[in-house]
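Enquirer: Below are the structure tokens for one structure; questions will follow.
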Amino acid sequence: MSGRIRQKWRPPLALVIGGTLAAVLCLPLIGIGYFKLAGNILGWGETAWLIFWMAVISTAILGYLLWRLVLRPVYALTAHANAVREGREDAPLPPHFGTPEISALGRAVADMGATLNNREAGLRAFSNHVTHELKSPLTSIKGAAELLDGELDPDDRKRLTQTILTATGQMQEQLEALRHLAAARDPVGPGPSTLSDLTGEVGRDTGLDITLTGDAAVPMDRQAVLVILGHLARNAKAHGADRMQIDPLPDGFSVHDNGSGIAAGNRDRIFDPFFTTRRGSGGTGMGLAIVQTMLQAAGGTIHLVPCQDGAMFRISFENG
């Protein structure tokens, strides 16, 4: 909805207002001065008409400039804010605004709208996924509890008790994953952190052989980058990787592993909360969702890059 606001020179708002006030003040003085200098050429009536038309033309020009530089951007911001509030996408922001101050306001409103939309979409997705993911263990607990209420031999009772404990553990894992995802939405420190200071620790923690082809500064604090690289490394190891390469880029860095890769049918869903192909081996499907959420909180993005072997992710920052 918001789009990117282009940088384009416009007069500052102070200059627009100051110039308007100066023009309003000076036009009558100019008219009076001209009347004095040309008093022997023009009569009172002609001079009055000249001053009148000068005022009308100048007012029209100033009115257009104020509408173009101030009023139209304000109306656009108002329409965009109302559209965001109502959940519509039919009021995009213009690509540029009339003054630098309003341009900054437009960028702030666009960022705020995108943040609110992301949070609303995230809450909606969380509600749907939590309902789906907790339904199965709750059903198991309910069924086991109903059976335990009757006469059972010790072995059956033990199995039902274990079913309840397993289902409870599944629910705890999902709730803990949700807690981590909610924490990932909190703004992180601005950093910067250097990749060379972090890759060794990530390699020791995950057991992967990590290669760094060059150093780069990341506009996030050390702990946040460790969490992101750790999730990517553990996800790669779970898919059979034993090596991971990190390549610095002008606006961020890329991460490439030698694992089994991601199936074509799953590539559009890998960042969805709770989506996992390793449910049976304990996967919660929250790792990449947490990575994406943390990067969004820091003004960054992550994209899956097509590659011939393994999986490759490109991490970029807006001001990289």
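In the structure tokens, chains take letters A, B, ... by order of appearance, with residues numbered from 1 within each chain and ligands from 1 in the order shown.
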Just list the residues in region 60-237 of chain A DSSP gives strand (DSSP E) on the backbone, as a list of chain:residue names.
Expert: A:Ser193, A:Thr194, A:Asp209, A:Ile210, A:Thr211, A:Leu212, A:Ala217, A:Val218
Enquirer: Skip Ala81 (chain A) itself and residues of its chain fewer than 5 positions away, then list as number ranges by chain all residues within 9 Å of it, counting only C-alpha atoms.
Expert: A: 76, 86, 91, 109-110, 113
Enquirer: For region 170-172 of chain A, please output as a list in words all residues within 7 Å (counting only C-alpha atoms; exclusion window: fewer than 3 positions along the same chain).
Expert: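 Result of the neighbour search: Leu134, Pro137, Thr166, Ala167, Leu175 and Glu176 of chain A.
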Enquirer: Keeping C-alpha atoms for every residue in the selection just given, could you write it to a file as a CSV table (one decimal), in the first residue's frame?
Expert:
```csv
chain,number,residue,atom,x,y,z
A,134,LEU,CA,-3.4,-26.7,19.8
A,137,PRO,CA,-3.1,-32.1,21.6
A,166,THR,CA,3.1,-35.9,25.4
A,167,ALA,CA,0.3,-33.6,24.3
A,175,LEU,CA,3.4,-21.7,23.4
A,176,GLU,CA,7.2,-21.2,23.9
```
Enquirer: May I have the residues within 12 Å of region 214-221 of chain A as a ChimeraX atom specification, using only C-alpha atoms and disregarding those fewer than 3 positions away in the same chain?
Expert: /A:187-199,211,224-229,245-254,294-300,315-320
Enquirer: Create the file for the chosen residues now, containing N, CA and C atoms and written as a short mmCIF file (atom, residue, chain, number, x, y, z; two decimals), in the first residue's frame.
Expert:
```cif
data_model
loop_
_atom_site.label_atom_id
_atom_site.label_comp_id
_atom_site.auth_asym_id
_atom_site.auth_seq_id
_atom_site.Cartn_x
_atom_site.Cartn_y
_atom_site.Cartn_z
N PRO A 187 11.85 -4.04 19.19
CA PRO A 187 12.99 -3.43 18.49
C PRO A 187 14.31 -3.89 19.09
N VAL A 188 15.28 -4.14 18.23
CA VAL A 188 16.60 -4.56 18.68
C VAL A 188 17.54 -3.37 18.62
N GLY A 189 18.70 -3.52 19.30
CA GLY A 189 19.69 -2.46 19.30
C GLY A 189 20.22 -2.20 17.91
N PRO A 190 20.63 -0.95 17.63
CA PRO A 190 21.04 -0.59 16.28
C PRO A 190 22.39 -1.15 15.86
N GLY A 191 23.17 -1.62 16.80
CA GLY A 191 24.49 -2.14 16.43
C GLY A 191 25.46 -1.01 16.17
N PRO A 192 26.39 -1.16 15.21
CA PRO A 192 26.52 -2.32 14.32
C PRO A 192 27.29 -3.47 14.94
N SER A 193 27.15 -4.64 14.30
CA SER A 193 27.93 -5.82 14.65
C SER A 193 28.68 -6.28 13.41
N THR A 194 29.83 -6.89 13.61
CA THR A 194 30.61 -7.38 12.48
C THR A 194 30.47 -8.89 12.38
N LEU A 195 30.33 -9.37 11.16
CA LEU A 195 30.11 -10.80 10.94
C LEU A 195 31.29 -11.64 11.43
N SER A 196 32.50 -11.13 11.30
CA SER A 196 33.68 -11.91 11.69
C SER A 196 33.71 -12.18 13.20
N ASP A 197 33.04 -11.36 13.98
CA ASP A 197 33.00 -11.56 15.43
C ASP A 197 31.95 -12.58 15.85
N LEU A 198 31.11 -13.02 14.90
CA LEU A 198 29.96 -13.85 15.27
C LEU A 198 30.00 -15.26 14.69
N THR A 199 30.61 -15.41 13.52
CA THR A 199 30.54 -16.70 12.83
C THR A 199 31.19 -17.83 13.62
N THR A 211 31.99 -20.64 6.68
CA THR A 211 32.99 -19.90 5.93
C THR A 211 32.49 -18.48 5.69
N ALA A 224 21.21 -10.06 18.60
CA ALA A 224 20.18 -10.25 17.59
C ALA A 224 20.74 -10.97 16.36
N VAL A 225 21.94 -10.59 15.94
CA VAL A 225 22.55 -11.25 14.77
C VAL A 225 22.88 -12.70 15.10
N LEU A 226 23.33 -12.95 16.34
CA LEU A 226 23.60 -14.34 16.74
C LEU A 226 22.33 -15.18 16.67
N VAL A 227 21.22 -14.64 17.10
CA VAL A 227 19.95 -15.39 17.05
C VAL A 227 19.58 -15.69 15.60
N ILE A 228 19.72 -14.71 14.72
CA ILE A 228 19.36 -14.90 13.31
C ILE A 228 20.25 -15.95 12.66
N LEU A 229 21.57 -15.80 12.82
CA LEU A 229 22.48 -16.77 12.22
C LEU A 229 22.31 -18.15 12.85
N GLN A 245 28.08 -21.00 4.11
CA GLN A 245 28.92 -19.89 3.63
C GLN A 245 28.17 -18.59 3.75
N ILE A 246 28.86 -17.56 4.27
CA ILE A 246 28.28 -16.23 4.43
C ILE A 246 29.06 -15.27 3.54
N ASP A 247 28.34 -14.59 2.65
CA ASP A 247 28.97 -13.65 1.71
C ASP A 247 28.45 -12.25 1.98
N PRO A 248 29.32 -11.30 2.31
CA PRO A 248 28.88 -9.90 2.48
C PRO A 248 28.37 -9.32 1.17
N LEU A 249 27.36 -8.47 1.25
CA LEU A 249 26.77 -7.79 0.10
C LEU A 249 26.73 -6.29 0.38
N PRO A 250 26.55 -5.48 -0.65
CA PRO A 250 26.53 -4.02 -0.42
C PRO A 250 25.47 -3.59 0.59
N ASP A 251 24.34 -4.28 0.64
CA ASP A 251 23.26 -3.88 1.54
C ASP A 251 22.97 -4.92 2.62
N GLY A 252 23.85 -5.89 2.81
CA GLY A 252 23.62 -6.92 3.83
C GLY A 252 24.55 -8.09 3.63
N PHE A 253 23.99 -9.30 3.61
CA PHE A 253 24.81 -10.49 3.39
C PHE A 253 23.90 -11.64 2.96
N SER A 254 24.52 -12.68 2.42
CA SER A 254 23.78 -13.87 2.02
C SER A 254 24.31 -15.07 2.79
N MET A 294 12.42 -10.53 13.39
CA MET A 294 13.52 -9.74 13.96
C MET A 294 14.10 -8.79 12.93
N LEU A 295 14.25 -9.26 11.70
CA LEU A 295 14.79 -8.39 10.66
C LEU A 295 13.83 -7.25 10.34
N GLN A 296 12.55 -7.54 10.29
CA GLN A 296 11.57 -6.48 10.03
C GLN A 296 11.61 -5.43 11.12
N ALA A 297 11.81 -5.85 12.36
CA ALA A 297 11.89 -4.89 13.46
C ALA A 297 13.11 -3.99 13.33
N ALA A 298 14.13 -4.43 12.60
CA ALA A 298 15.36 -3.64 12.42
C ALA A 298 15.43 -3.01 11.04
N GLY A 299 14.33 -3.03 10.29
CA GLY A 299 14.32 -2.45 8.95
C GLY A 299 14.99 -3.31 7.91
N GLY A 300 15.03 -4.62 8.14
CA GLY A 300 15.67 -5.54 7.20
C GLY A 300 14.68 -6.49 6.58
N ILE A 315 19.86 -11.49 2.99
CA ILE A 315 19.41 -10.58 4.06
C ILE A 315 19.85 -9.16 3.69
N SER A 316 18.90 -8.26 3.60
CA SER A 316 19.19 -6.89 3.18
C SER A 316 18.63 -5.91 4.20
N PHE A 317 19.27 -4.74 4.26
CA PHE A 317 18.83 -3.67 5.14
C PHE A 317 18.60 -2.42 4.31
N GLU A 318 17.56 -1.70 4.68
CA GLU A 318 17.13 -0.55 3.88
C GLU A 318 18.24 0.49 3.74
N ASN A 319 18.99 0.70 4.80
CA ASN A 319 20.05 1.70 4.77
C ASN A 319 21.42 1.07 4.64
N GLY A 320 21.43 -0.19 4.07
CA GLY A 320 22.69 -0.88 3.95
C GLY A 320 23.63 -0.27 2.93
#
```
Enquirer: Suppose you want the space between CA of Arg222 (chain A) and CA of Pro306 (chain A); what is it in Å?
Expert: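 Going from CA of Arg222 (chain A) over to CA of Pro306 (chain A), I get 28.2 Å.
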Enquirer: May I have the residues within 8 Å of region 59-67 of chain A as a list in words, using only C-alpha atoms and disregarding those fewer than 4 positions away in the same chain?
Expert: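 So, after excluding close chain neighbours, the residues are Val16, Thr20, Ala55, Leu71 and Arg72 of chain A.
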Enquirer: How would the residues just picked look written out with N, CA and C atoms as a PDB file, in the first residue's frame?
Expert:
```
ATOM      1  N   VAL A  16       8.443  28.081   2.264  1.00  0.00           N
ATOM      2  CA  VAL A  16       7.129  28.260   1.628  1.00  0.00           C
ATOM      3  C   VAL A  16       6.278  29.246   2.430  1.00  0.00           C
ATOM      4  N   THR A  20       5.464  33.137   1.407  1.00  0.00           N
ATOM      5  CA  THR A  20       4.068  33.573   1.270  1.00  0.00           C
ATOM      6  C   THR A  20       3.802  34.824   2.100  1.00  0.00           C
ATOM      7  N   ALA A  55      -2.348  41.811  -7.108  1.00  0.00           N
ATOM      8  CA  ALA A  55      -2.701  41.045  -5.913  1.00  0.00           C
ATOM      9  C   ALA A  55      -3.455  39.770  -6.274  1.00  0.00           C
ATOM     10  N   LEU A  71      -1.263  21.404   0.996  1.00  0.00           N
ATOM     11  CA  LEU A  71      -2.597  20.834   1.167  1.00  0.00           C
ATOM     12  C   LEU A  71      -2.733  19.477   0.510  1.00  0.00           C
ATOM     13  N   ARG A  72      -2.281  19.321  -0.741  1.00  0.00           N
ATOM     14  CA  ARG A  72      -2.441  18.035  -1.425  1.00  0.00           C
ATOM     15  C   ARG A  72      -1.722  16.899  -0.699  1.00  0.00           C
TER      16      ARG A  72
END
```
Enquirer: Which of these, A:Leu116, A:Leu93, A:Leu148, A:Leu138, has the shortest distance to Gly169 (chain A) once you count only C-alpha atoms?
Expert: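 That would be A:Leu138, the residue with the smallest distance to Gly169 (chain A).
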Enquirer: Quick check, in Å to one decimal: how far apart do CA of Asp309 (chain A) and CA of Gly287 (chain A) lie?
Expert: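 Computing it gives 21.0 Å between the two atoms.
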Enquirer: Residues at most 12 Å from Pro73 (chain A), counting only C-alpha atoms, excluding those fewer than 3 positions away in the same chain, as a list in words?
Expert: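 Final neighbour list, sorted by chain and number: Leu65, Leu66, Trp67, Arg68, Leu69, Val70, Ala76, Leu77, Thr78, Ala79, His80, Pro92, Leu93, Pro94, Pro95, His96, Phe97, Gly98, Thr99, Pro100, Glu101, Ile102, Ser103, Ala104, Leu105, Gly106, Arg107 and Val109 of chain A.
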Enquirer: How about saving the chosen residues, N, CA and C atoms kept, as a compact mmCIF listing (two decimals), in the first residue's frame?
Expert:
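Listed below is the output, out_19.txt:
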```txt
# COMPACT_ATOMS: atom_id res chain seq x y z
N LEU A 65 0.66 27.22 -5.12
CA LEU A 65 1.85 26.66 -4.49
C LEU A 65 1.53 26.05 -3.13
N LEU A 66 0.70 26.72 -2.34
CA LEU A 66 0.33 26.18 -1.03
C LEU A 66 -0.48 24.90 -1.18
N TRP A 67 -1.38 24.89 -2.18
CA TRP A 67 -2.14 23.66 -2.41
C TRP A 67 -1.23 22.53 -2.86
N ARG A 68 -0.31 22.84 -3.79
CA ARG A 68 0.57 21.81 -4.35
C ARG A 68 1.58 21.30 -3.33
N LEU A 69 2.11 22.19 -2.51
CA LEU A 69 3.21 21.83 -1.61
C LEU A 69 2.74 21.41 -0.22
N VAL A 70 1.55 21.84 0.19
CA VAL A 70 1.11 21.57 1.56
C VAL A 70 -0.23 20.82 1.59
N ALA A 76 -3.49 13.60 0.97
CA ALA A 76 -3.05 12.24 0.63
C ALA A 76 -2.71 11.46 1.89
N LEU A 77 -2.03 12.10 2.84
CA LEU A 77 -1.70 11.42 4.09
C LEU A 77 -2.96 11.06 4.86
N THR A 78 -3.94 11.96 4.86
CA THR A 78 -5.19 11.68 5.56
C THR A 78 -5.92 10.49 4.93
N ALA A 79 -5.99 10.48 3.60
CA ALA A 79 -6.66 9.37 2.92
C ALA A 79 -5.92 8.06 3.16
N HIS A 80 -4.60 8.10 3.16
CA HIS A 80 -3.82 6.88 3.41
C HIS A 80 -4.04 6.38 4.83
N PRO A 92 -2.85 4.59 -1.93
CA PRO A 92 -1.39 4.60 -1.80
C PRO A 92 -0.86 6.02 -1.64
N LEU A 93 0.29 6.14 -1.01
CA LEU A 93 0.93 7.44 -0.87
C LEU A 93 1.54 7.86 -2.20
N PRO A 94 1.58 9.17 -2.47
CA PRO A 94 2.27 9.62 -3.69
C PRO A 94 3.76 9.36 -3.60
N PRO A 95 4.45 9.30 -4.75
CA PRO A 95 5.88 8.98 -4.71
C PRO A 95 6.74 10.06 -4.08
N HIS A 96 6.27 11.31 -4.05
CA HIS A 96 7.03 12.39 -3.41
C HIS A 96 6.05 13.43 -2.88
N PHE A 97 6.55 14.29 -2.01
CA PHE A 97 5.71 15.28 -1.35
C PHE A 97 6.25 16.68 -1.61
N GLY A 98 5.50 17.68 -1.12
CA GLY A 98 5.81 19.06 -1.46
C GLY A 98 7.01 19.65 -0.77
N THR A 99 7.26 19.28 0.48
CA THR A 99 8.39 19.85 1.23
C THR A 99 9.13 18.73 1.93
N PRO A 100 10.39 18.95 2.32
CA PRO A 100 11.14 17.91 3.03
C PRO A 100 10.46 17.48 4.33
N GLU A 101 9.85 18.45 5.04
CA GLU A 101 9.20 18.09 6.30
C GLU A 101 8.01 17.15 6.07
N ILE A 102 7.22 17.43 5.04
CA ILE A 102 6.07 16.57 4.77
C ILE A 102 6.54 15.25 4.17
N SER A 103 7.65 15.27 3.43
CA SER A 103 8.21 14.01 2.93
C SER A 103 8.61 13.11 4.09
N ALA A 104 9.26 13.70 5.11
CA ALA A 104 9.63 12.91 6.29
C ALA A 104 8.38 12.38 7.00
N LEU A 105 7.35 13.22 7.08
CA LEU A 105 6.10 12.77 7.69
C LEU A 105 5.48 11.65 6.87
N GLY A 106 5.55 11.76 5.53
CA GLY A 106 4.99 10.70 4.68
C GLY A 106 5.71 9.39 4.88
N ARG A 107 7.04 9.42 4.98
CA ARG A 107 7.80 8.19 5.21
C ARG A 107 7.44 7.59 6.56
N VAL A 109 4.58 7.94 8.19
CA VAL A 109 3.24 7.38 8.11
C VAL A 109 3.25 6.07 7.33
```
Enquirer: Counting only C-alpha atoms, figure out which residue out of A:Gln223, A:Asn266, A:Gln174, A:Thr206 gets nearest to Met244 (chain A).
Expert: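 Closest to Met244 (chain A), using only C-alpha atoms: A:Thr206.
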